[in-house]
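The structure appears right after this line, and notes come after that.
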Amino acid sequence: MATNNPAKLIKLSDSDQTVTAEEDIRGLSVKDKDGEDLGQIDALLIDDAEKKVRFLVVASGGFLGIGKEKSFIPVEAITRIADEVTIDQSRELVAGAPGYDPELVDEAAYYEDVYGYYGYMPYWGAGYAYPTFPYYPPVPPARSSDK
């Protein structure tokens, strides 16, 4: 798949960039749309041109940091940030996402494939609008039904 991605993505921790405290969600747990645990945010990928968060790198499984599976999830998937991050995708869909091996993939094509897999427009596409990250409306408290 051809790409017009103009910006290189880098881990926030590998850059001299900073993000606001609200944007730095590294270490938070991630839940799918049904409340199932997906893992923890291991890294944030930012683009070197606009300095915006583009992907969450979510780590799951493993033992003492060894053998963890990592999933790249577009920031557009986030629906809520509180004590944890909630996304609008299912655990099964995330588990089936394209795998990443830096020695085997073209990064720009990989990111485009991931956006397509989750059903989002790539941030370099015409008409793209950055999501409200990290500001999401509060979830109203659950109402108890009247009996």
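Labels for the structure tokens follow display order: chains A, B, ..., residues from 1 in each chain, ligands from 1.
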- request: Extract the full set of strand (DSSP E or B) residues from chain A according to DSSP on the backbone, and format it as a PyMOL selection string.
  value: chain A and resi 9-11+29-31+37-47+53-60+63+66+69-74+78-81+85-87
Find the residues around Phe55 of chain A up to 8 Å (only C-alpha atoms counted), leave out those fewer than 3 positions away in its own chain, and share them as a PDB file with N, CA, C and O atoms, in the first residue's frame.
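As a result, selection27.pdb now contains:
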ATOM      1  N   LEU A  44       4.146   5.836  24.113  1.00  0.00           N
ATOM      2  CA  LEU A  44       3.344   6.687  23.245  1.00  0.00           C
ATOM      3  C   LEU A  44       4.197   7.023  22.038  1.00  0.00           C
ATOM      4  O   LEU A  44       5.369   7.397  22.191  1.00  0.00           O
ATOM      5  N   LEU A  45       3.632   6.867  20.836  1.00  0.00           N
ATOM      6  CA  LEU A  45       4.348   7.247  19.628  1.00  0.00           C
ATOM      7  C   LEU A  45       3.859   8.617  19.192  1.00  0.00           C
ATOM      8  O   LEU A  45       2.646   8.850  19.082  1.00  0.00           O
ATOM      9  N   ILE A  46       4.797   9.509  18.978  1.00  0.00           N
ATOM     10  CA  ILE A  46       4.472  10.866  18.541  1.00  0.00           C
ATOM     11  C   ILE A  46       5.074  11.086  17.162  1.00  0.00           C
ATOM     12  O   ILE A  46       6.051  10.432  16.788  1.00  0.00           O
ATOM     13  N   PHE A  72      -0.158  -1.920  18.716  1.00  0.00           N
ATOM     14  CA  PHE A  72      -0.190  -0.510  18.369  1.00  0.00           C
ATOM     15  C   PHE A  72      -1.644  -0.137  18.152  1.00  0.00           C
ATOM     16  O   PHE A  72      -2.324  -0.738  17.317  1.00  0.00           O
ATOM     17  N   ILE A  73      -2.127   0.829  18.914  1.00  0.00           N
ATOM     18  CA  ILE A  73      -3.529   1.236  18.835  1.00  0.00           C
ATOM     19  C   ILE A  73      -3.579   2.729  18.541  1.00  0.00           C
ATOM     20  O   ILE A  73      -2.992   3.525  19.289  1.00  0.00           O
ATOM     21  N   PRO A  74      -4.262   3.132  17.465  1.00  0.00           N
ATOM     22  CA  PRO A  74      -4.351   4.566  17.148  1.00  0.00           C
ATOM     23  C   PRO A  74      -5.030   5.343  18.274  1.00  0.00           C
ATOM     24  O   PRO A  74      -5.969   4.853  18.912  1.00  0.00           O
ATOM     25  N   VAL A  75      -4.560   6.544  18.505  1.00  0.00           N
ATOM     26  CA  VAL A  75      -5.129   7.391  19.551  1.00  0.00           C
ATOM     27  C   VAL A  75      -6.615   7.654  19.294  1.00  0.00           C
ATOM     28  O   VAL A  75      -7.380   7.894  20.227  1.00  0.00           O
TER      29      VAL A  75
END
task: Work out how far atom CA of Gly119 of chain A is from atom CA of Ile25 of chain A, in Å to one decimal.
output: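 Computing it gives 22.9 Å between the two atoms.
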task: Can you work out which one of A:Pro131, A:Gly125, A:Gly27, A:Pro102 has the shortest atom-to-atom distance to Arg80 of chain A, counting only C-alpha atoms?
output: A:Pro131
- request: Would you mind telling me which residue in A:Glu36, A:Ile10, A:Gln17, A:Ser29 lies nearest to Arg91 of chain A when using only C-alpha atoms?
  value: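 Using only C-alpha atoms, Arg91 of chain A sits closest to A:Glu36.
Residues within 7 Å of segment 133-138 of chain A, counting only C-alpha atoms and excluding same-chain residues fewer than 4 positions away, are Glu22, Glu23, Thr79, Arg80 and Ile81 of chain A.
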Those same residues - C-alpha atoms - I'd like them written as a PDB file, in the first residue's frame.
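The result, written out as result30.pdb:
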ATOM      1  CA  GLU A  22      -3.050  14.847  30.804  1.00  0.00           C
ATOM      2  CA  GLU A  23      -1.482  13.421  27.634  1.00  0.00           C
ATOM      3  CA  THR A  79     -13.194   6.870  24.187  1.00  0.00           C
ATOM      4  CA  ARG A  80     -12.360   7.631  27.815  1.00  0.00           C
ATOM      5  CA  ILE A  81      -9.399   8.448  30.043  1.00  0.00           C
TER       6      ILE A  81
END
task: Select from segment 37-95 of chain A everything DSSP, run on the backbone, classes as helix (DSSP H, G or I), then give the selection as an NGL selection string.
output: :A and (75-77 or 91-95)
Distance criterion (only C-alpha atoms): nearest to Asp32 of chain A out of A:Lys51, A:Ser60, A:Asp14, A:Glu92: A:Glu92
query: So which one's closest to Gly39 of chain A, A:Gly61, A:Glu103, A:Gly116, A:Pro98? Using only C-alpha atoms, please.
result: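 Closest to Gly39 of chain A, using only C-alpha atoms: A:Gly61.
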Quick one: residues within 9 Å of Tyr110 of chain A, only C-alpha atoms counted, chain neighbours fewer than 3 positions away excluded, as a compact mmCIF listing (two decimals) with C-alpha atoms, in the first residue's frame?
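around_26.txt written:
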# COMPACT_ATOMS: atom_id res chain seq x y z
CA PRO A 98 -1.08 -6.57 12.34
CA GLY A 99 2.08 -7.57 14.18
CA TYR A 100 5.12 -5.31 14.30
CA VAL A 105 8.25 -4.01 8.07
CA ASP A 106 8.26 -0.65 6.36
CA GLU A 107 7.10 1.61 9.20
CA ASP A 113 -2.19 -0.87 7.65
CA VAL A 114 -2.95 -0.46 11.36
CA TYR A 115 -5.15 2.58 10.74
